[in-house]
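**Student:** Dropping in coords-v1.txt, with compact mmCIF, C-alpha atoms and all ligand atoms.
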# COMPACT_ATOMS: atom_id res chain seq x y z
CA MET T 1 216.12 70.09 72.30
CA THR T 2 214.34 66.75 71.60
CA LYS T 3 215.64 64.15 69.10
CA ASP T 4 213.37 65.35 66.28
CA GLY T 5 214.53 68.93 66.68
CA GLU T 6 211.48 70.17 68.58
CA ILE T 7 212.14 72.27 71.66
CA ASN T 8 210.66 70.79 74.84
CA ILE T 9 208.05 73.08 76.40
CA PHE T 10 209.80 72.89 79.79
CA GLU T 11 213.06 74.01 78.23
CA THR T 12 211.31 77.07 76.80
CA VAL T 13 209.58 77.91 80.05
CA GLN T 14 212.67 77.31 82.19
CA LYS T 15 214.84 79.49 79.94
CA ASN T 16 212.37 82.34 80.29
CA ASN T 17 212.48 82.23 84.07
CA PHE T 18 214.79 85.05 84.96
CA ILE T 19 213.44 85.85 88.36
CA PHE T 20 213.79 83.09 90.97
CA LYS T 21 216.94 81.34 92.12
CA ASP T 22 215.20 79.40 94.93
CA LYS T 23 211.48 79.91 95.36
CA ASN T 24 211.38 77.52 98.34
CA SER T 25 213.10 80.07 100.54
CA LEU T 26 209.99 82.28 100.38
CA LYS T 27 207.62 79.54 101.52
CA HIS T 28 205.89 79.74 104.90
CA LEU T 29 207.61 76.74 106.44
CA PHE T 30 211.13 77.76 105.42
CA LEU T 31 213.19 78.38 108.55
CA PRO T 32 215.95 80.94 107.88
CA LYS T 33 219.39 80.53 109.46
CA ARG T 34 219.11 83.93 111.18
CA LEU T 35 216.06 85.64 112.64
CA LEU T 36 216.79 89.34 112.35
CA HIS T 37 215.20 91.58 114.98
CA ARG T 38 214.21 88.63 117.13
CA GLU T 39 217.58 88.19 118.83
CA ASP T 40 216.21 89.47 122.17
CA GLN T 41 213.21 87.17 122.17
CA VAL T 42 215.22 84.10 121.15
CA THR T 43 217.81 84.92 123.83
CA GLN T 44 215.06 85.13 126.44
CA ILE T 45 213.81 81.67 125.47
CA ALA T 46 217.39 80.37 125.64
CA ARG T 47 217.87 81.88 129.14
CA TYR T 48 214.98 79.76 130.42
CA TRP T 49 215.72 76.64 128.44
CA VAL T 50 219.42 76.59 129.37
CA ASP T 51 218.38 74.96 132.68
CA ALA T 52 217.70 71.76 130.76
CA LEU T 53 221.45 71.43 130.14
CA ASN T 54 221.89 71.14 133.93
CA ASP T 55 219.13 68.54 134.30
CA VAL T 56 216.70 71.14 135.62
CA THR T 57 213.21 71.36 134.11
CA PRO T 58 212.96 74.85 132.53
CA SER T 59 210.27 77.37 133.51
CA ASN T 60 207.12 77.39 131.43
CA ILE T 61 207.04 80.17 128.84
CA THR T 62 204.18 81.96 127.13
CA ILE T 63 204.78 83.86 123.90
CA TYR T 64 202.27 86.48 122.80
CA GLY T 65 202.09 88.41 119.57
CA LYS T 66 200.00 89.25 116.54
CA THR T 67 200.06 87.21 113.38
CA GLY T 68 203.33 87.14 111.43
CA THR T 69 205.50 88.49 114.25
CA GLY T 70 207.85 85.51 114.19
CA LYS T 71 206.51 83.51 117.16
CA THR T 72 206.53 80.10 115.50
CA ALA T 73 209.81 80.76 113.69
CA SER T 74 211.54 81.88 116.92
CA ALA T 75 210.32 78.89 118.94
CA LYS T 76 211.47 76.51 116.20
CA PHE T 77 214.78 78.33 115.91
CA ALA T 78 215.42 78.08 119.67
CA ARG T 79 214.47 74.42 119.49
CA SER T 80 216.94 73.60 116.72
CA GLN T 81 219.69 75.55 118.52
CA LEU T 82 219.17 73.67 121.79
CA LEU T 83 218.99 70.29 120.05
CA GLU T 84 222.17 71.07 118.11
CA TYR T 85 224.03 72.29 121.20
CA SER T 86 222.90 69.46 123.48
CA ALA T 87 223.55 66.66 120.99
CA ASP T 88 227.06 65.90 122.21
CA GLN T 89 226.44 66.61 125.89
CA ASN T 90 225.46 64.08 128.48
CA VAL T 91 221.84 65.23 128.71
CA PHE T 92 218.53 63.70 127.74
CA ILE T 93 216.36 66.47 126.26
CA LYS T 94 213.49 66.25 123.80
CA ILE T 95 211.55 69.16 122.34
CA GLU T 96 208.24 68.35 120.69
CA TYR T 97 206.41 70.88 118.55
CA VAL T 98 202.60 70.53 118.50
CA ARG T 99 200.38 72.67 116.29
CA CYS T 100 197.07 72.77 118.11
CA THR T 101 195.15 72.94 114.84
CA ASP T 102 196.39 69.40 114.11
CA TYR T 103 195.87 67.96 117.60
CA SER T 104 192.98 69.83 119.11
CA THR T 105 192.06 67.88 122.27
CA GLU T 106 194.04 67.04 125.38
CA TYR T 107 193.72 63.34 124.58
CA GLN T 108 195.13 63.82 121.05
CA VAL T 109 198.06 65.95 122.21
CA ILE T 110 199.08 63.51 124.96
CA ALA T 111 198.63 60.51 122.65
CA HIS T 112 200.77 62.29 120.04
CA LEU T 113 203.50 63.00 122.63
CA CYS T 114 203.43 59.37 123.78
CA GLN T 115 203.85 58.21 120.20
CA LYS T 116 206.73 60.61 119.59
CA LEU T 117 208.38 59.24 122.73
CA GLY T 118 208.02 55.66 121.64
CA ARG T 119 204.83 54.55 123.42
CA ASP T 120 202.17 52.98 121.31
CA VAL T 121 199.00 54.87 122.20
CA PRO T 122 195.97 54.89 119.87
CA TYR T 123 194.42 58.23 118.87
CA ARG T 124 191.07 57.05 120.22
CA GLY T 125 189.63 54.26 122.32
CA TRP T 126 191.53 54.57 125.59
CA THR T 127 190.30 56.62 128.53
CA LYS T 128 192.02 59.92 129.13
CA ALA T 129 193.41 58.60 132.43
CA GLU T 130 195.03 55.64 130.65
CA VAL T 131 196.75 57.93 128.15
CA ILE T 132 197.94 60.31 130.88
CA ASN T 133 199.31 57.45 132.98
CA THR T 134 201.22 56.08 130.02
CA PHE T 135 202.63 59.56 129.37
CA ARG T 136 203.72 60.06 132.98
CA ASP T 137 205.28 56.64 133.07
CA ILE T 138 207.81 57.78 130.47
CA PHE T 139 209.40 60.09 133.04
CA ARG T 140 209.79 57.39 135.67
CA THR T 141 212.46 55.48 133.77
CA ASN T 142 216.12 56.47 133.66
CA ILE T 143 218.14 56.15 130.51
CA HIS T 144 221.95 56.10 131.02
CA GLY T 145 221.28 57.30 134.56
CA LYS T 146 219.33 60.32 133.31
CA LYS T 147 215.66 61.21 133.35
CA LEU T 148 214.15 62.70 130.23
CA ILE T 149 213.43 66.43 130.18
CA LEU T 150 210.64 67.21 127.74
CA ILE T 151 209.85 70.65 126.37
CA VAL T 152 206.47 70.83 124.66
CA ILE T 153 205.77 73.73 122.27
CA LEU T 154 202.00 74.25 122.04
CA ASP T 155 201.56 76.52 119.01
CA GLU T 156 198.21 78.30 118.49
CA ILE T 157 197.17 77.15 121.95
CA ASP T 158 194.06 79.38 121.91
CA ILE T 159 192.39 76.88 119.57
CA LEU T 160 192.97 73.99 121.95
CA LEU T 161 191.85 75.95 125.03
CA ASN T 162 188.70 77.12 123.28
CA LYS T 163 187.82 73.68 122.08
CA ASP T 164 188.83 71.44 124.95
CA GLY T 165 189.44 73.62 128.01
CA ASP T 166 192.62 73.98 130.02
CA GLY T 167 193.06 70.29 130.94
CA ILE T 168 196.09 69.98 128.68
CA LEU T 169 197.99 72.66 130.60
CA TYR T 170 196.97 71.12 133.90
CA THR T 171 198.23 67.69 132.86
CA LEU T 172 201.51 68.88 131.36
CA THR T 173 202.38 71.30 134.15
CA ARG T 174 201.66 68.62 136.74
CA THR T 175 203.98 66.11 135.14
CA ASP T 176 207.55 66.08 136.47
CA ASN T 177 210.27 66.98 133.97
CA VAL T 178 207.88 68.63 131.48
CA SER T 179 208.17 72.28 130.47
CA VAL T 180 205.61 74.01 128.25
CA LEU T 181 206.12 76.83 125.78
CA SER T 182 202.69 78.15 124.75
CA ILE T 183 202.23 80.40 121.74
CA SER T 184 199.15 82.61 121.64
CA ASN T 185 197.82 85.39 119.40
CA PHE T 186 195.86 86.97 122.22
CA LEU T 187 197.14 88.87 125.22
CA ASP T 188 194.07 87.85 127.21
CA PHE T 189 194.66 84.15 126.69
CA LYS T 190 194.88 83.68 130.46
CA ALA T 191 191.13 84.36 130.55
CA LEU T 192 190.71 80.86 129.10
CA ILE T 193 192.59 79.27 132.01
CA LYS T 194 191.27 78.56 135.50
CA SER T 195 193.25 79.76 138.50
CA ARG T 196 194.37 76.28 139.58
CA VAL T 197 196.13 75.99 136.20
CA THR T 198 197.55 79.52 136.23
CA SER T 199 199.28 78.76 139.51
CA SER T 200 200.88 75.52 138.31
CA LEU T 201 201.78 77.16 134.99
CA ASN T 202 203.66 79.99 136.72
CA ASP T 203 204.96 81.07 133.32
CA LYS T 204 207.46 83.62 132.04
CA GLU T 205 205.94 85.85 129.40
CA ILE T 206 207.61 87.06 126.22
CA VAL T 207 205.88 89.59 123.97
CA PHE T 208 206.57 89.78 120.24
CA PRO T 209 205.86 93.30 118.98
CA PRO T 210 204.85 93.90 115.34
CA TYR T 211 207.75 94.57 112.95
CA GLY T 212 208.30 98.13 111.74
CA ALA T 213 208.83 98.91 108.04
CA ASN T 214 212.64 99.10 108.41
CA GLN T 215 212.81 95.78 110.22
CA LEU T 216 210.70 94.17 107.50
CA THR T 217 213.06 95.64 104.90
CA ASP T 218 216.01 93.93 106.62
CA ILE T 219 214.13 90.62 106.79
CA LEU T 220 213.10 90.78 103.13
CA ASN T 221 216.56 91.84 101.93
CA GLU T 222 218.07 88.82 103.65
CA ARG T 223 215.49 86.49 102.15
CA ALA T 224 215.68 88.05 98.67
CA LYS T 225 219.38 87.14 98.48
CA LEU T 226 218.40 83.48 98.70
CA ALA T 227 215.28 83.63 96.57
CA PHE T 228 216.09 85.81 93.55
CA ASN T 229 218.74 85.89 90.88
CA GLU T 230 221.25 88.66 91.25
CA GLY T 231 220.23 92.09 89.99
CA VAL T 232 216.61 91.04 89.41
CA VAL T 233 214.93 92.96 92.24
CA GLU T 234 214.62 96.68 91.50
CA SER T 235 215.56 98.96 94.35
CA ASP T 236 212.07 100.24 95.22
CA VAL T 237 210.49 96.76 95.46
CA ILE T 238 211.51 95.70 98.96
CA PRO T 239 210.79 99.07 100.62
CA LEU T 240 207.34 98.99 99.00
CA CYS T 241 206.58 95.43 100.22
CA SER T 242 207.79 96.42 103.70
CA ALA T 243 205.69 99.57 103.83
CA MET T 244 202.58 97.67 102.74
CA ALA T 245 203.18 94.91 105.29
CA ALA T 246 203.93 97.40 108.07
CA LYS T 247 200.43 98.76 107.48
CA GLU T 248 199.07 95.22 107.88
CA GLU T 249 200.17 95.20 111.53
CA GLY T 250 203.84 94.42 110.88
CA ASP T 251 203.12 90.97 109.52
CA ALA T 252 206.28 89.31 108.13
CA ARG T 253 204.25 86.53 106.54
CA PHE T 254 202.31 89.05 104.49
CA ALA T 255 205.56 90.80 103.50
CA LEU T 256 207.04 87.50 102.29
CA ASP T 257 203.81 86.57 100.48
CA LEU T 258 203.89 89.92 98.71
CA LEU T 259 207.46 89.41 97.60
CA ARG T 260 206.84 85.85 96.39
CA THR T 261 203.62 86.74 94.56
CA SER T 262 205.31 89.77 92.96
CA GLY T 263 208.01 87.41 91.70
CA ASP T 264 205.36 85.04 90.32
CA ILE T 265 203.67 87.88 88.46
CA ALA T 266 206.97 89.19 87.05
CA GLU T 267 207.72 85.67 85.87
CA GLU T 268 204.27 85.19 84.33
CA GLN T 269 204.77 88.43 82.42
CA GLY T 270 208.17 87.29 81.18
CA SER T 271 209.75 90.32 82.82
CA GLU T 272 213.48 90.27 83.42
CA THR T 273 213.25 92.30 86.59
CA LEU T 274 210.92 92.56 89.55
CA LYS T 275 209.31 96.03 89.62
CA SER T 276 207.08 97.98 91.98
CA GLU T 277 204.13 97.55 89.59
CA HIS T 278 204.37 93.79 90.17
CA VAL T 279 204.09 94.41 93.91
CA ARG T 280 200.87 96.41 93.44
CA LEU T 281 199.40 93.62 91.31
CA ALA T 282 200.51 91.10 93.92
CA LYS T 283 198.68 92.96 96.65
CA ASP T 284 195.45 92.84 94.59
CA ARG T 285 195.93 89.15 93.91
CA ILE T 286 196.50 88.31 97.58
CA GLU T 287 193.45 90.32 98.64
CA HIS T 288 191.38 88.71 95.90
CA ASN T 289 192.41 85.22 97.04
CA LYS T 290 191.73 86.08 100.67
CA PHE T 291 188.23 87.25 99.76
CA VAL T 292 187.54 84.06 97.81
CA ASP T 293 188.77 81.95 100.76
CA VAL T 294 186.53 83.83 103.19
CA ILE T 295 183.44 83.36 100.98
CA LYS T 296 184.20 79.69 100.42
CA SER T 297 184.45 79.05 104.15
CA LEU T 298 180.99 80.50 104.92
CA PRO T 299 178.16 78.16 106.03
CA ILE T 300 175.49 77.43 103.44
CA GLN T 301 172.76 79.65 104.90
CA GLN T 302 175.06 82.66 104.86
CA LEU T 303 175.99 81.90 101.27
CA ARG T 304 172.28 81.87 100.42
CA LEU T 305 171.79 85.17 102.17
CA LEU T 306 174.64 86.61 100.11
CA GLU T 307 173.06 85.22 96.96
CA ALA T 308 169.82 86.99 97.90
CA ILE T 309 171.72 90.26 98.52
CA LEU T 310 173.44 89.89 95.16
CA ASN T 311 170.12 89.25 93.37
CA LEU T 312 168.58 92.39 94.88
CA THR T 313 171.71 94.42 94.12
CA ASN T 314 171.59 93.29 90.49
CA LYS T 315 167.96 94.50 90.34
CA LYS T 316 169.20 97.83 91.73
CA GLU T 317 166.78 97.57 94.64
CA GLU T 318 167.24 99.21 98.01
CA ILE T 319 167.77 96.30 100.40
CA THR T 320 165.82 96.41 103.65
CA SER T 321 165.88 93.49 106.07
CA GLY T 322 162.26 92.65 105.21
CA LYS T 323 162.93 92.59 101.49
CA LEU T 324 166.10 90.62 102.05
CA TYR T 325 164.27 87.98 104.05
CA GLU T 326 161.79 87.53 101.20
CA ALA T 327 164.56 87.17 98.65
CA TYR T 328 166.43 84.81 100.97
CA THR T 329 163.42 82.48 101.46
CA ASP T 330 163.06 82.39 97.66
CA VAL T 331 166.63 81.17 97.41
CA SER T 332 166.54 78.80 100.40
CA LYS T 333 163.01 77.45 99.97
CA LYS T 334 162.19 74.82 102.62
CA ASP T 335 165.26 74.98 104.85
CA ALA T 336 165.21 78.74 105.36
CA VAL T 337 166.05 79.89 108.89
CA THR T 338 163.82 82.30 110.85
CA TYR T 339 163.69 86.05 110.29
CA ARG T 340 165.46 86.62 113.63
CA ARG T 341 168.40 84.40 112.77
CA ILE T 342 169.01 86.47 109.64
CA PHE T 343 170.17 89.36 111.81
CA ASP T 344 172.99 87.24 113.22
CA PHE T 345 174.09 86.40 109.68
CA ILE T 346 173.92 90.04 108.62
CA ASN T 347 176.11 90.87 111.60
CA ASP T 348 178.65 88.18 110.70
CA LEU T 349 178.87 89.30 107.08
CA GLU T 350 179.31 92.90 108.17
CA LEU T 351 182.13 91.95 110.54
CA LEU T 352 183.86 90.23 107.63
CA GLY T 353 183.55 93.47 105.63
CA ILE T 354 181.49 91.83 102.87
CA ILE T 355 178.41 94.01 103.43
CA SER T 356 177.60 97.22 105.28
CA THR T 357 174.41 98.18 107.09
CA ASN T 358 173.06 101.61 107.70
CA THR T 359 170.04 102.42 109.89
CA ILE T 360 167.89 105.20 108.50
CA SER T 361 164.79 106.91 109.80
CA ARG T 362 161.82 106.97 107.43
CA GLY T 363 160.34 110.00 109.12
CA ARG T 364 157.91 110.52 111.94
CA GLY T 365 155.86 107.49 112.98
CA LYS T 366 157.36 105.27 110.31
CA GLY T 367 160.17 103.85 112.44
CA ARG T 368 163.70 102.97 111.41
CA THR T 369 164.92 100.68 108.69
CA ASN T 370 168.15 98.82 108.09
CA ILE T 371 169.63 99.31 104.63
CA ILE T 372 172.08 96.66 103.50
CA LYS T 373 174.77 97.17 100.85
CA LEU T 374 177.37 94.94 99.27
CA GLN T 375 180.93 96.06 99.95
CA CYS T 376 182.70 93.83 97.47
CA ASP T 377 183.04 93.35 93.76
CA GLU T 378 179.76 91.93 92.41
CA ASP T 379 181.26 89.89 89.59
CA LEU T 380 183.84 88.33 91.89
CA LEU T 381 181.12 87.51 94.44
CA GLU T 382 178.93 85.98 91.76
CA SER T 383 181.67 83.72 90.41
CA THR T 384 182.72 82.68 93.92
CA LEU T 385 179.13 81.89 94.93
CA LEU T 386 178.69 79.81 91.79
CA GLN T 387 181.62 77.65 92.87
CA SER T 388 180.49 77.44 96.50
CA ILE T 389 176.76 76.72 96.50
N1 LIG T 401 212.79 87.87 112.14
C1 LIG T 401 212.53 87.13 111.07
N2 LIG T 401 213.48 86.88 110.17
C2 LIG T 401 213.21 86.14 109.09
N3 LIG T 401 212.00 85.62 108.79
C3 LIG T 401 211.01 85.84 109.66
C4 LIG T 401 211.21 86.60 110.84
N4 LIG T 401 210.05 86.69 111.52
C5 LIG T 401 209.15 86.00 110.79
N5 LIG T 401 209.71 85.49 109.69
C6 LIG T 401 209.03 84.69 108.66
O1 LIG T 401 207.72 85.21 108.52
C7 LIG T 401 206.76 84.18 108.45
C8 LIG T 401 205.77 84.33 109.59
O2 LIG T 401 206.44 84.11 110.83
P1 LIG T 401 205.83 83.14 111.96
O3 LIG T 401 205.15 81.98 111.30
O4 LIG T 401 206.89 82.83 112.92
O5 LIG T 401 204.74 84.12 112.57
P2 LIG T 401 203.78 83.87 113.82
O6 LIG T 401 204.06 84.98 114.79
O7 LIG T 401 203.92 82.48 114.30
O8 LIG T 401 202.35 84.13 113.16
P3 LIG T 401 200.93 83.42 113.49
O9 LIG T 401 200.44 84.04 114.76
O10 LIG T 401 200.07 83.82 112.34
O11 LIG T 401 201.16 81.95 113.60
C9 LIG T 401 207.52 82.87 108.48
O12 LIG T 401 207.67 82.41 107.16
C10 LIG T 401 208.85 83.24 109.10
O13 LIG T 401 209.88 82.43 108.60
MG MG T 402 202.67 80.86 114.21
As structure tokens, please, write out the structure in this file.
**Tutor:**
Amino acid sequence: MTKDGEINIFETVQKNNFIFKDKNSLKHLFLPKRLLHREDQVTQIARYWVDALNDVTPSNITIYGKTGTGKTASAKFARSQLLEYSADQNVFIKIEYVRCTDYSTEYQVIAHLCQKLGRDVPYRGWTKAEVINTFRDIFRTNIHGKKLILIVILDEIDILLNKDGDGILYTLTRTDNVSVLSISNFLDFKALIKSRVTSSLNDKEIVFPPYGANQLTDILNERAKLAFNEGVVESDVIPLCSAMAAKEEGDARFALDLLRTSGDIAEEQGSETLKSEHVRLAKDRIEHNKFVDVIKSLPIQQLRLLEAILNLTNKKEEITSGKLYEAYTDVSKKDAVTYRRIFDFINDLELLGIISTNTISRGRGKGRTNIIKLQCDEDLLESTLLQSI
């Protein structure tokens, strides 16, 4: 209540929030105290890393698994456990976590590691050899009679390998006292590495399988205790989120997103409990947002092609590639790409599930024609295009 008797808007809103106790615990970067159903994988990491406690550089490790299977969380969990356990022992261990979307060249990763280890290396300007020499120099000095053992976690390594080749793995695996834990979404990630690197990597592999519905239920139950007020979550909510996420390839991130968004919707509606209908609405909202993100990330020529498809769809016309090219050049005017290039774009949009194509035969001697159809909501596409072009 304010001095003049008016009720503050935040007081009203806060009083009507029945749902969440701690929303932060459902955020992506929240690291839970226990990782259910990943005990085996974390133990395997620990079995390799335990060498560091005896001043032996641990084996290199590669973790594979689809999105949301707990790879990043498990590596970070193992890291915090080793740092906690080694803190009061006479060892000199550092574990650096590098997300390869943030540092996407060998130079940047090594410069980042140097900086973390107290060497002042600029993010550009030096030669690669200068940066690598500075990095290797770190391991030549003893501190309290001990040499540093460094474990580098390279998360989403596929991005770095695709962009900058396998030099980073070559450099790190050929530096004494450095152990690498690589995290990849693809089982065939070794295809991106040349044999000279594979042999110096000599890694131990750990596979993270997708979570099943029951495992996701355990994970969500644990998290719900932290996130929601007591008695708020109705009994069918968590099994429903888990079943939906199990269909999405056992993705724990999706399961947590569903639960958080369901809570948001329940709160927006002023509901006192979280119900299965909120989960269904949450699924629509997440899919809607994903679609908008995909459209917004498309290059301009593909957006124009989509605009042309939308225009023809609104006119209820059957869309052949020829007709589409005409409509597209109308939209793009001078900087239109060639007719051939359009087929690549059509392919891309089809792969993203935004359109479908169907080849039909017009009858004898008339050849075959491609018919293109939108596979998404027209109004949503129109409003997204308006914001993007
Ligand atoms: N076993 C688990 N127990 C509790 N939470 C988990 C567990 N596994 C995953 N999570 C949570 O699910 C989310 C996704 O997990 P994580 O980021 O580790 O997946 P990932 O395998 O690295 O996925 P990506 O390949 O997309 O990077 C995180 O918020 C994480 O805390
Ligand atoms: Mg990850």
**Student:** Go through T:Asn54, T:Gln41, T:Ser25, T:Thr67 one by one, measure the shortest atom-to-atom distance of each to ligand MG 402 (chain T) using only C-alpha atoms and all ligand atoms, and give the residue with the smallest value.
**Tutor:**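 Using only C-alpha atoms and all ligand atoms, the shortest distance to ligand MG 402 (chain T) belongs to T:Thr67.
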**Student:** May I ask for the distance between CA of Ile149 (chain T) and CA of Thr175 (chain T), given in Å to one decimal place?
**Tutor:**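 Rounded to one decimal, the two atoms are 10.7 Å apart.
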**Student:** Could you make a table, as JSON lines, of the residues of chain T that have an atom within 7 Å of an atom of ligand LIG 401 (chain T), each with its nearest atom pair and distance in Å to one decimal, counting all atoms listed in the file, in chain and number order?
**Tutor:**
{"residue": "T:Lys27", "atom": "CA", "partner": "T:LIG401", "partner_atom": "O12", "distance": 6.3}
{"residue": "T:His28", "atom": "CA", "partner": "T:LIG401", "partner_atom": "O12", "distance": 3.9}
{"residue": "T:Leu29", "atom": "CA", "partner": "T:LIG401", "partner_atom": "O12", "distance": 5.7}
{"residue": "T:Phe30", "atom": "CA", "partner": "T:LIG401", "partner_atom": "O13", "distance": 5.8}
{"residue": "T:Leu31", "atom": "CA", "partner": "T:LIG401", "partner_atom": "O13", "distance": 5.2}
{"residue": "T:Pro32", "atom": "CA", "partner": "T:LIG401", "partner_atom": "C2", "distance": 6.0}
{"residue": "T:Arg34", "atom": "CA", "partner": "T:LIG401", "partner_atom": "N2", "distance": 6.4}
{"residue": "T:Leu35", "atom": "CA", "partner": "T:LIG401", "partner_atom": "N2", "distance": 3.8}
{"residue": "T:Leu36", "atom": "CA", "partner": "T:LIG401", "partner_atom": "N1", "distance": 4.3}
{"residue": "T:His37", "atom": "CA", "partner": "T:LIG401", "partner_atom": "N1", "distance": 5.3}
{"residue": "T:Arg38", "atom": "CA", "partner": "T:LIG401", "partner_atom": "N1", "distance": 5.2}
{"residue": "T:Gly65", "atom": "CA", "partner": "T:LIG401", "partner_atom": "O6", "distance": 6.2}
{"residue": "T:Lys66", "atom": "CA", "partner": "T:LIG401", "partner_atom": "O9", "distance": 5.5}
{"residue": "T:Thr67", "atom": "CA", "partner": "T:LIG401", "partner_atom": "O9", "distance": 3.5}
{"residue": "T:Gly68", "atom": "CA", "partner": "T:LIG401", "partner_atom": "O5", "distance": 3.5}
{"residue": "T:Thr69", "atom": "CA", "partner": "T:LIG401", "partner_atom": "O6", "distance": 3.8}
{"residue": "T:Gly70", "atom": "CA", "partner": "T:LIG401", "partner_atom": "O4", "distance": 3.1}
{"residue": "T:Lys71", "atom": "CA", "partner": "T:LIG401", "partner_atom": "O6", "distance": 3.7}
{"residue": "T:Thr72", "atom": "CA", "partner": "T:LIG401", "partner_atom": "O7", "distance": 3.7}
{"residue": "T:Ala73", "atom": "CA", "partner": "T:LIG401", "partner_atom": "O4", "distance": 3.7}
{"residue": "T:Ser74", "atom": "CA", "partner": "T:LIG401", "partner_atom": "O4", "distance": 6.2}
{"residue": "T:Glu156", "atom": "CA", "partner": "T:LIG401", "partner_atom": "O11", "distance": 6.8}
{"residue": "T:Asn185", "atom": "CA", "partner": "T:LIG401", "partner_atom": "O9", "distance": 5.5}
{"residue": "T:Ile219", "atom": "CA", "partner": "T:LIG401", "partner_atom": "N2", "distance": 5.1}
{"residue": "T:Ala252", "atom": "CA", "partner": "T:LIG401", "partner_atom": "O1", "distance": 4.4}
{"residue": "T:Arg253", "atom": "CA", "partner": "T:LIG401", "partner_atom": "C7", "distance": 3.9}
{"residue": "T:Leu256", "atom": "CA", "partner": "T:LIG401", "partner_atom": "O1", "distance": 6.7}
**Student:** Scan for residues within 10 Å of the point (202.9, 80.9, 121.0) in the coordinates of the file, using all atoms listed in the file, and reply as a list of chain:residue names.
**Tutor:**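 Neighbouring residues, ordered by chain and number, come to T:Ile61, T:Thr62, T:Ile63, T:Tyr64, T:Gly65, T:Lys66, T:Gly70, T:Lys71, T:Thr72, T:Ser74, T:Ala75, T:Arg99, T:Ile153, T:Leu154, T:Asp155, T:Glu156, T:Ile157, T:Asp158, T:Leu181, T:Ser182, T:Ile183, T:Ser184, T:Asn185, T:Phe186, T:Ile206, T:Val207, T:Phe208.
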**Student:** Distance CA of Ile19 (chain T)-CA of Asn229 (chain T), one decimal place?
**Tutor:**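 For CA of Ile19 (chain T) relative to CA of Asn229 (chain T), the distance reads 5.9 Å.
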**Student:** Can you tell me which residues surround Glu130 (chain T) at a distance of at most 10 Å, considering only C-alpha atoms, apart from same-chain residues fewer than 5 positions away, and format the answer as a PDB file with C-alpha atoms, keeping the file's coordinate frame?
**Tutor:**
ATOM      1  CA  TYR T 107     193.720  63.340 124.580  1.00  0.00           C
ATOM      2  CA  VAL T 121     199.000  54.870 122.200  1.00  0.00           C
ATOM      3  CA  PHE T 135     202.630  59.560 129.370  1.00  0.00           C
TER       4      PHE T 135
END
**Student:** One number please: CA of Lys23 (chain T) to CA of Gly231 (chain T), in Å, one decimal.
**Tutor:**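 Value for the CA of Lys23 (chain T)-CA of Gly231 (chain T) distance: 15.9 Å.
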**Student:** Give me, as a list in words, all polymer residues having an atom no more than 9 Å from region 112-118 of chain T, counting only C-alpha atoms and skipping those fewer than 4 positions away in the same chain.
**Tutor:** Lys94, Glu96, Val98, Tyr103, Tyr107, Gln108, Pro122, Tyr123, Val131, Thr134, Phe135, Ile138 and Val152 of chain T
**Student:** Grab all the atoms of region 72-78 of chain T that the file lists, wrap them in a box along x, y and z, add 8 Å per side, and give me centre plus edge lengths in Å (one decimal) as lines of an AutoDock Vina configuration file.
**Tutor:**
center_x = 211.0
center_y = 79.2
center_z = 116.7
size_x = 24.9
size_y = 21.4
size_z = 22.0
**Student:** From the options T:Cys100, T:Leu259, T:Ile354, T:Glu6, which residue's atoms come nearest to ligand MG 402 (chain T), counting all atoms listed in the file?
**Tutor:**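 Comparing T:Cys100, T:Leu259, T:Ile354, T:Glu6 against ligand MG 402 (chain T), the winner is T:Cys100.
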**Student:** Rank T:Ser297, T:Ser86, T:Asn370, T:Asn347 by their smallest atom-to-atom distance to Glu318 (chain T), using all atoms listed in the file, and report the top residue only.
**Tutor:**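 Going through T:Ser297, T:Ser86, T:Asn370, T:Asn347 one by one, the smallest distance to Glu318 (chain T) is for T:Asn370.
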**Student:** Which residues, protein or nucleic acid, reach to within 12 Å of (192.9, 78.5, 134.3) in the file's coordinates when using all atoms listed in the file, and can you give that as a list of chain:residue names?
**Tutor:** T:Leu161, T:Asn162, T:Gly165, T:Asp166, T:Gly167, T:Ile168, T:Leu169, T:Tyr170, T:Thr173, T:Asp188, T:Phe189, T:Lys190, T:Ala191, T:Leu192, T:Ile193, T:Lys194, T:Ser195, T:Arg196, T:Val197, T:Thr198, T:Ser199, T:Ser200, T:Leu201, T:Asn202
**Student:** Out of T:Asn60, T:Thr101, T:Thr273, T:Gln81, which residue has the shortest atom-to-atom distance to ligand MG 402 (chain T) when counting only C-alpha atoms and all ligand atoms?
**Tutor:**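 Comparing T:Asn60, T:Thr101, T:Thr273, T:Gln81 against ligand MG 402 (chain T), the winner is T:Thr101.
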**Student:** Which residue, T:Val178, T:Val109, T:Leu310, T:Ala78, has the smallest gap to Glu39 (chain T) when you use all atoms listed in the file?
**Tutor:** T:Ala78
**Student:** Env of Ser321 (chain T): 10 Å cut, atoms = all atoms listed in the file, seq-sep filter 6 positions within chain, self excluded. Answer as a list in words.
**Tutor:**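 Those residues are Ala327, Tyr339, Ile342, Phe343, Ile346, Thr357, Thr369, Asn370, Ile371 and Ile372 of chain T.
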